[in-house]
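Below: work_36.pdb (PDB, C-alpha atoms and all ligand atoms)
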MODEL        1
ATOM      1  CA  MET A   6     -41.678   0.585  25.207
ATOM      2  CA  PRO A   7     -42.346   3.306  22.584
ATOM      3  CA  THR A   8     -43.340   2.335  19.033
ATOM      4  CA  TYR A   9     -40.990   3.184  16.182
ATOM      5  CA  GLN A  10     -43.433   5.880  15.041
ATOM      6  CA  GLN A  11     -43.038   7.442  18.473
ATOM      7  CA  LEU A  12     -39.268   7.411  18.085
ATOM      8  CA  LEU A  13     -39.611   9.506  14.935
ATOM      9  CA  ALA A  14     -42.117  11.834  16.615
ATOM     10  CA  HIS A  15     -39.757  12.273  19.579
ATOM     11  CA  ASN A  16     -36.945  13.027  17.184
ATOM     12  CA  LYS A  17     -38.962  15.837  15.528
ATOM     13  CA  ALA A  18     -39.833  17.300  18.925
ATOM     14  CA  TRP A  19     -36.197  17.078  20.054
ATOM     15  CA  ALA A  20     -34.914  18.816  16.902
ATOM     16  CA  SER A  21     -37.454  21.635  17.310
ATOM     17  CA  LYS A  22     -36.596  22.073  20.985
ATOM     18  CA  LYS A  23     -32.867  22.235  20.250
ATOM     19  CA  LEU A  24     -33.456  24.878  17.565
ATOM     20  CA  ALA A  25     -35.703  26.907  19.843
ATOM     21  CA  GLN A  26     -33.028  26.904  22.565
ATOM     22  CA  ASP A  27     -30.154  27.641  20.196
ATOM     23  CA  PRO A  28     -30.776  28.549  16.526
ATOM     24  CA  GLU A  29     -27.109  27.777  15.680
ATOM     25  CA  TYR A  30     -27.107  24.334  17.353
ATOM     26  CA  PHE A  31     -27.157  22.170  14.223
ATOM     27  CA  SER A  32     -25.203  24.470  11.921
ATOM     28  CA  ARG A  33     -22.382  24.551  14.467
ATOM     29  CA  LEU A  34     -22.256  20.735  14.739
ATOM     30  CA  VAL A  35     -22.403  20.330  10.954
ATOM     31  CA  GLU A  36     -19.337  22.538  10.602
ATOM     32  CA  LEU A  37     -17.062  20.701  12.961
ATOM     33  CA  GLN A  38     -16.583  17.471  14.851
ATOM     34  CA  GLU A  39     -13.820  17.753  17.425
ATOM     35  CA  PRO A  40     -14.501  15.381  20.297
ATOM     36  CA  GLU A  41     -11.767  14.967  22.914
ATOM     37  CA  TYR A  42     -12.893  11.469  23.858
ATOM     38  CA  LEU A  43     -13.101   8.080  22.211
ATOM     39  CA  TRP A  44     -15.476   5.761  24.059
ATOM     40  CA  ILE A  45     -15.215   2.004  23.639
ATOM     41  CA  GLY A  46     -18.226   0.579  25.434
ATOM     42  CA  CYS A  47     -20.524  -2.429  25.599
ATOM     43  CA  SER A  48     -23.462  -2.593  23.183
ATOM     44  CA  ASP A  49     -25.765  -3.060  26.194
ATOM     45  CA  SER A  50     -28.733  -0.671  25.783
ATOM     46  CA  ARG A  51     -28.500   0.399  29.431
ATOM     47  CA  VAL A  52     -25.067   1.986  29.081
ATOM     48  CA  PRO A  53     -25.461   5.017  26.771
ATOM     49  CA  ALA A  54     -22.153   6.928  26.616
ATOM     50  CA  ASN A  55     -23.491  10.470  26.335
ATOM     51  CA  GLU A  56     -26.287  10.151  28.836
ATOM     52  CA  ILE A  57     -24.273   8.667  31.721
ATOM     53  CA  THR A  58     -21.404  11.145  31.287
ATOM     54  CA  GLY A  59     -23.516  14.264  30.772
ATOM     55  CA  THR A  60     -21.919  14.934  27.404
ATOM     56  CA  ASN A  61     -23.544  16.378  24.289
ATOM     57  CA  PRO A  62     -23.519  15.381  20.626
ATOM     58  CA  GLY A  63     -20.089  16.263  19.264
ATOM     59  CA  GLU A  64     -18.218  15.544  22.485
ATOM     60  CA  ILE A  65     -17.618  11.773  22.385
ATOM     61  CA  PHE A  66     -16.644   9.556  19.445
ATOM     62  CA  VAL A  67     -18.246   6.185  20.152
ATOM     63  CA  HIS A  68     -17.503   2.544  19.340
ATOM     64  CA  ARG A  69     -19.541  -0.194  20.989
ATOM     65  CA  ASN A  70     -19.445  -3.972  20.766
ATOM     66  CA  VAL A  71     -20.321  -6.950  22.952
ATOM     67  CA  ALA A  72     -18.323  -6.604  26.204
ATOM     68  CA  ASN A  73     -16.294  -3.531  25.089
ATOM     69  CA  MET A  74     -13.480  -5.512  23.509
ATOM     70  CA  VAL A  75     -10.298  -4.296  21.815
ATOM     71  CA  VAL A  76      -9.454  -7.219  19.531
ATOM     72  CA  HIS A  77      -6.292  -6.564  17.553
ATOM     73  CA  THR A  78      -7.653  -8.115  14.333
ATOM     74  CA  ASP A  79     -10.993  -6.235  14.468
ATOM     75  CA  LEU A  80     -10.902  -3.907  11.454
ATOM     76  CA  ASN A  81     -14.023  -2.107  12.647
ATOM     77  CA  MET A  82     -12.470  -1.164  16.005
ATOM     78  CA  LEU A  83      -9.066  -0.400  14.435
ATOM     79  CA  SER A  84     -10.647   1.907  11.848
ATOM     80  CA  VAL A  85     -12.477   3.812  14.586
ATOM     81  CA  LEU A  86      -9.288   3.947  16.683
ATOM     82  CA  GLN A  87      -7.127   5.196  13.830
ATOM     83  CA  TYR A  88      -9.616   7.893  12.859
ATOM     84  CA  ALA A  89     -10.095   9.000  16.469
ATOM     85  CA  VAL A  90      -6.373   9.147  17.263
ATOM     86  CA  GLU A  91      -4.904  10.373  13.967
ATOM     87  CA  VAL A  92      -7.631  12.617  12.550
ATOM     88  CA  LEU A  93      -9.790  13.731  15.482
ATOM     89  CA  LYS A  94      -6.724  13.707  17.745
ATOM     90  CA  VAL A  95      -8.644  12.659  20.850
ATOM     91  CA  LYS A  96      -6.940  13.319  24.182
ATOM     92  CA  HIS A  97      -8.542  10.424  26.030
ATOM     93  CA  ILE A  98      -9.742   6.923  25.241
ATOM     94  CA  ILE A  99     -12.215   5.400  27.672
ATOM     95  CA  VAL A 100     -12.914   1.661  27.764
ATOM     96  CA  CYS A 101     -16.122   1.373  29.752
ATOM     97  CA  GLY A 102     -17.453  -1.994  30.883
ATOM     98  CA  HIS A 103     -20.369  -2.609  33.197
ATOM     99  CA  TYR A 104     -21.010  -4.943  36.122
ATOM    100  CA  GLY A 105     -23.248  -7.886  35.290
ATOM    101  CA  CYS A 106     -22.195  -7.790  31.602
ATOM    102  CA  GLY A 107     -23.986 -10.589  29.720
ATOM    103  CA  GLY A 108     -21.041 -11.084  27.372
ATOM    104  CA  VAL A 109     -18.624 -11.617  30.250
ATOM    105  CA  ARG A 110     -21.118 -13.859  32.040
ATOM    106  CA  ALA A 111     -21.574 -15.995  28.900
ATOM    107  CA  ALA A 112     -17.796 -16.289  28.436
ATOM    108  CA  MET A 113     -17.557 -17.871  31.897
ATOM    109  CA  THR A 114     -19.868 -20.731  30.902
ATOM    110  CA  ASN A 115     -19.252 -23.730  28.663
ATOM    111  CA  HIS A 116     -22.310 -23.120  26.491
ATOM    112  CA  ASN A 117     -21.903 -23.437  22.737
ATOM    113  CA  LEU A 118     -23.570 -20.230  21.524
ATOM    114  CA  GLY A 119     -22.626 -20.344  17.844
ATOM    115  CA  ILE A 120     -20.944 -17.450  16.088
ATOM    116  CA  ILE A 121     -20.455 -15.452  19.279
ATOM    117  CA  ASN A 122     -18.196 -18.240  20.640
ATOM    118  CA  LYS A 123     -15.424 -16.649  18.587
ATOM    119  CA  TRP A 124     -15.947 -13.239  20.164
ATOM    120  CA  LEU A 125     -16.292 -14.612  23.700
ATOM    121  CA  ARG A 126     -13.058 -16.553  23.200
ATOM    122  CA  ASN A 127     -11.228 -13.261  23.752
ATOM    123  CA  ILE A 128     -12.871 -12.906  27.184
ATOM    124  CA  LYS A 129     -12.117 -16.537  28.035
ATOM    125  CA  ASP A 130      -8.452 -15.699  27.385
ATOM    126  CA  VAL A 131      -8.653 -12.888  29.965
ATOM    127  CA  TYR A 132     -10.252 -15.323  32.422
ATOM    128  CA  ARG A 133      -7.484 -17.853  31.821
ATOM    129  CA  ILE A 134      -4.784 -15.277  32.620
ATOM    130  CA  HIS A 135      -6.513 -14.368  35.903
ATOM    131  CA  ARG A 136      -8.060 -17.773  36.681
ATOM    132  CA  LYS A 137      -6.447 -18.083  40.115
ATOM    133  CA  GLU A 138      -7.829 -14.804  41.414
ATOM    134  CA  ILE A 139     -11.295 -15.292  39.919
ATOM    135  CA  ASP A 140     -11.717 -18.917  40.993
ATOM    136  CA  ALA A 141     -10.921 -17.930  44.579
ATOM    137  CA  ILE A 142     -14.106 -15.793  44.690
ATOM    138  CA  GLU A 143     -17.055 -17.753  46.084
ATOM    139  CA  ILE A 144     -20.083 -15.814  44.853
ATOM    140  CA  GLU A 145     -20.833 -16.180  41.133
ATOM    141  CA  ASP A 146     -21.937 -12.561  40.552
ATOM    142  CA  THR A 147     -18.790 -11.310  42.287
ATOM    143  CA  ARG A 148     -16.689 -13.567  40.041
ATOM    144  CA  VAL A 149     -18.380 -12.124  36.945
ATOM    145  CA  ASN A 150     -17.907  -8.567  38.212
ATOM    146  CA  ARG A 151     -14.216  -9.093  38.942
ATOM    147  CA  LEU A 152     -13.737 -10.468  35.419
ATOM    148  CA  VAL A 153     -15.575  -7.384  34.111
ATOM    149  CA  GLU A 154     -12.913  -5.220  35.829
ATOM    150  CA  LEU A 155      -9.986  -7.363  34.680
ATOM    151  CA  ASN A 156     -11.393  -7.458  31.154
ATOM    152  CA  VAL A 157     -11.518  -3.648  31.033
ATOM    153  CA  GLN A 158      -7.920  -3.568  32.260
ATOM    154  CA  GLU A 159      -6.867  -6.033  29.560
ATOM    155  CA  GLN A 160      -8.614  -4.020  26.825
ATOM    156  CA  VAL A 161      -6.814  -0.845  27.977
ATOM    157  CA  MET A 162      -3.561  -2.809  27.639
ATOM    158  CA  ASN A 163      -4.642  -4.006  24.196
ATOM    159  CA  LEU A 164      -5.014  -0.373  23.095
ATOM    160  CA  ALA A 165      -1.502   0.372  24.358
ATOM    161  CA  LYS A 166      -0.204  -2.541  22.282
ATOM    162  CA  THR A 167      -1.351  -0.961  18.993
ATOM    163  CA  SER A 168       1.073   0.948  16.786
ATOM    164  CA  ILE A 169      -1.652   3.609  16.420
ATOM    165  CA  VAL A 170      -1.536   4.489  20.129
ATOM    166  CA  GLN A 171       2.233   4.059  20.482
ATOM    167  CA  LYS A 172       2.838   6.410  17.548
ATOM    168  CA  ALA A 173       0.590   9.105  19.052
ATOM    169  CA  TRP A 174       2.265   8.699  22.449
ATOM    170  CA  LYS A 175       5.658   9.243  20.853
ATOM    171  CA  SER A 176       4.792  12.222  18.663
ATOM    172  CA  ASP A 177       2.050  13.891  20.678
ATOM    173  CA  GLN A 178       2.024  12.659  24.321
ATOM    174  CA  ARG A 179      -1.582  11.552  24.022
ATOM    175  CA  PRO A 180      -4.021   9.835  24.380
ATOM    176  CA  HIS A 181      -4.466   8.970  28.039
ATOM    177  CA  ILE A 182      -6.277   5.617  28.288
ATOM    178  CA  HIS A 183      -8.847   4.963  30.998
ATOM    179  CA  GLY A 184     -10.582   1.767  32.116
ATOM    180  CA  TRP A 185     -13.958   2.364  33.743
ATOM    181  CA  VAL A 186     -16.775   0.132  34.974
ATOM    182  CA  TYR A 187     -20.381   1.350  35.134
ATOM    183  CA  ASP A 188     -22.721   0.021  37.832
ATOM    184  CA  LEU A 189     -26.267  -0.543  36.552
ATOM    185  CA  HIS A 190     -27.567  -0.551  40.146
ATOM    186  CA  ASP A 191     -26.688   3.050  41.003
ATOM    187  CA  GLY A 192     -25.550   4.606  37.715
ATOM    188  CA  VAL A 193     -22.067   5.330  39.069
ATOM    189  CA  ILE A 194     -18.849   4.785  37.074
ATOM    190  CA  LYS A 195     -15.820   3.348  38.885
ATOM    191  CA  PRO A 196     -12.386   4.024  37.371
ATOM    192  CA  VAL A 197     -10.417   0.766  37.651
ATOM    193  CA  PHE A 198      -7.269   1.178  35.555
ATOM    194  CA  GLU A 199      -5.395   3.725  33.452
ATOM    195  CA  ILE A 200      -2.316   4.100  31.288
ATOM    196  CA  ALA A 201      -0.689   7.468  30.643
ATOM    197  CA  PRO A 202       1.171   8.343  27.430
ATOM    198  CA  GLY A 203       4.633   6.789  27.483
ATOM    199  CA  ASP A 204       3.871   4.271  30.231
ATOM    200  CA  HIS A 205       5.689   1.034  29.554
ATOM    201  CA  ILE A 206       3.968  -2.205  28.707
ATOM    202  CA  ASP A 207       5.574  -5.615  28.284
ATOM    203  CA  PRO A 208       8.538  -4.770  25.963
ATOM    204  CA  ILE A 209       7.663  -7.459  23.435
ATOM    205  CA  TYR A 210       4.684  -5.285  22.410
ATOM    206  CA  GLU A 211       6.662  -2.047  22.041
ATOM    207  CA  PHE A 212       7.462  -1.072  18.443
ATOM    208  CA  ASP A 213      10.876   0.493  17.815
ATOM    209  CA  ASP A 214      10.302   2.101  14.404
ATOM    210  CA  LEU A 215       7.205   4.268  14.829
TER     211      LEU A 215
HETATM  212 CO    CO A 301     -22.262  -5.860  28.471
ENDMDL
END
Could you write out this structure as structure tokens?
Amino acid sequence: MPTYQQLLAHNKAWASKKLAQDPEYFSRLVELQEPEYLWIGCSDSRVPANEITGTNPGEIFVHRNVANMVVHTDLNMLSVLQYAVEVLKVKHIIVCGHYGCGGVRAAMTNHNLGIINKWLRNIKDVYRIHRKEIDAIEIEDTRVNRLVELNVQEQVMNLAKTSIVQKAWKSDQRPHIHGWVYDLHDGVIKPVFEIAPGDHIDPIYEFDDL
């Protein structure tokens, strides 16, 4: 593991290399941020959005939290979502989970973990909805991984339930919302669910006065 002094040294070397390759690199990025993607991912250090998708600074707007949740009372997530959809006008939102997620695994236990209980509660709710399917799986890791997939699907639906997304769908036919799961074992992303602009969700969540 590098020391923090090494992180700063690497940063200097990186900045010099970027400038040597392209003298306009930083001035161009300073001028404009127009990413086409909003990424909602897990905070897990092994799932870096840019690196695993081969994208550069300026190409993905990123929000990360434990287990890539879209909680409808989370002002942090909602602020990022509103800015991404209404100001940056992103074309795609990607919710990216990962197999073996510690947050999902913890939510499937009965351990009292303190403050994070409240966050994991949202994942327990997803488990409850899909309990039949998950409980029928014999192997524990497979159960966790299936809940990882279903959780991503549920978070994609949660995005579609926001007035922010519904308004953009109505006026602009975007964003497309994707649910992906990253596999730490081979580095490959599996698309598991998606919703296109205008797709219908349970009508009780559809606003009529956008
Ligand atoms: Co995780």
Would you kindly return, as an NGL selection string, each protein, DNA or RNA residue with an atom no farther than 8 Å from any atom of stretch 198-212 of chain A, considering all atoms listed in the file and excluding same-chain residues fewer than 6 positions away?
:A and (157-158 or 161-162 or 165-166 or 168 or 171 or 174-175 or 178-185)
May I ask which of the residues A:His116, A:Arg51, A:His190, A:Lys96 is the closest one to ligand CO 301 (chain A), counting only C-alpha atoms and all ligand atoms?
A:Arg51
Grab me every residue within 8 Å of ligand CO 301 (chain A), counting all atoms listed in the file, and send it over as a PyMOL selection string.
chain A and resi 47-49+71-73+102-109
For C-alpha atoms, I'd like the residues from the last selection saved as an mmCIF file, keeping the file's coordinate frame.
data_model
loop_
_atom_site.group_PDB
_atom_site.id
_atom_site.type_symbol
_atom_site.label_atom_id
_atom_site.label_comp_id
_atom_site.auth_asym_id
_atom_site.auth_seq_id
_atom_site.Cartn_x
_atom_site.Cartn_y
_atom_site.Cartn_z
ATOM 1 C CA CYS A 47 -20.524 -2.429 25.599
ATOM 2 C CA SER A 48 -23.462 -2.593 23.183
ATOM 3 C CA ASP A 49 -25.765 -3.060 26.194
ATOM 4 C CA VAL A 71 -20.321 -6.950 22.952
ATOM 5 C CA ALA A 72 -18.323 -6.604 26.204
ATOM 6 C CA ASN A 73 -16.294 -3.531 25.089
ATOM 7 C CA GLY A 102 -17.453 -1.994 30.883
ATOM 8 C CA HIS A 103 -20.369 -2.609 33.197
ATOM 9 C CA TYR A 104 -21.010 -4.943 36.122
ATOM 10 C CA GLY A 105 -23.248 -7.886 35.290
ATOM 11 C CA CYS A 106 -22.195 -7.790 31.602
ATOM 12 C CA GLY A 107 -23.986 -10.589 29.720
ATOM 13 C CA GLY A 108 -21.041 -11.084 27.372
ATOM 14 C CA VAL A 109 -18.624 -11.617 30.250
#
Show me, as a list in words, the residues that have an atom within 10 Å of A:Met74 when counting all atoms listed in the file, minus same-chain residues fewer than 4 positions from it.
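In the requested form, the answer reads Ile45, Gly46, Cys47, His68, Arg69, Asn70, Asp79, Met82, Val100, Cys101, Gly102, Trp124, Leu125, Asn127, Ile128, Asn156, Val157, Glu159, Gln160, Val161, Asn163 and Leu164 of chain A.
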Produce a file of the selected residues containing C-alpha atoms, as a PDB file, in the frame of the given file.
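File produced: again.pdb:
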ATOM      1  CA  ILE A  45     -15.215   2.004  23.639  1.00  0.00           C
ATOM      2  CA  GLY A  46     -18.226   0.579  25.434  1.00  0.00           C
ATOM      3  CA  CYS A  47     -20.524  -2.429  25.599  1.00  0.00           C
ATOM      4  CA  HIS A  68     -17.503   2.544  19.340  1.00  0.00           C
ATOM      5  CA  ARG A  69     -19.541  -0.194  20.989  1.00  0.00           C
ATOM      6  CA  ASN A  70     -19.445  -3.972  20.766  1.00  0.00           C
ATOM      7  CA  ASP A  79     -10.993  -6.235  14.468  1.00  0.00           C
ATOM      8  CA  MET A  82     -12.470  -1.164  16.005  1.00  0.00           C
ATOM      9  CA  VAL A 100     -12.914   1.661  27.764  1.00  0.00           C
ATOM     10  CA  CYS A 101     -16.122   1.373  29.752  1.00  0.00           C
ATOM     11  CA  GLY A 102     -17.453  -1.994  30.883  1.00  0.00           C
ATOM     12  CA  TRP A 124     -15.947 -13.239  20.164  1.00  0.00           C
ATOM     13  CA  LEU A 125     -16.292 -14.612  23.700  1.00  0.00           C
ATOM     14  CA  ASN A 127     -11.228 -13.261  23.752  1.00  0.00           C
ATOM     15  CA  ILE A 128     -12.871 -12.906  27.184  1.00  0.00           C
ATOM     16  CA  ASN A 156     -11.393  -7.458  31.154  1.00  0.00           C
ATOM     17  CA  VAL A 157     -11.518  -3.648  31.033  1.00  0.00           C
ATOM     18  CA  GLU A 159      -6.867  -6.033  29.560  1.00  0.00           C
ATOM     19  CA  GLN A 160      -8.614  -4.020  26.825  1.00  0.00           C
ATOM     20  CA  VAL A 161      -6.814  -0.845  27.977  1.00  0.00           C
ATOM     21  CA  ASN A 163      -4.642  -4.006  24.196  1.00  0.00           C
ATOM     22  CA  LEU A 164      -5.014  -0.373  23.095  1.00  0.00           C
TER      23      LEU A 164
END
Report as a ChimeraX atom specification the residues that result from applying the PyMOL selection byres (((chain A and resi 152) around 9) and not hetatm) to the structure here.
/A:109-110,128,131-132,135,139,147-151,153-157
Running the PyMOL selection byres (((chain A and resi 192) around 10) and not hetatm) on this model by hand, what would come out? Give it as a ChimeraX atom specification.
/A:51-52,57,103,187-191,193-195
For the file shown, what are the residues hit by the PyMOL selection byres (((chain A and resi 67) around 10) and not hetatm), laid out as a ChimeraX atom specification?
/A:40,42-46,53-55,64-66,68-69,85-86,89,98-99
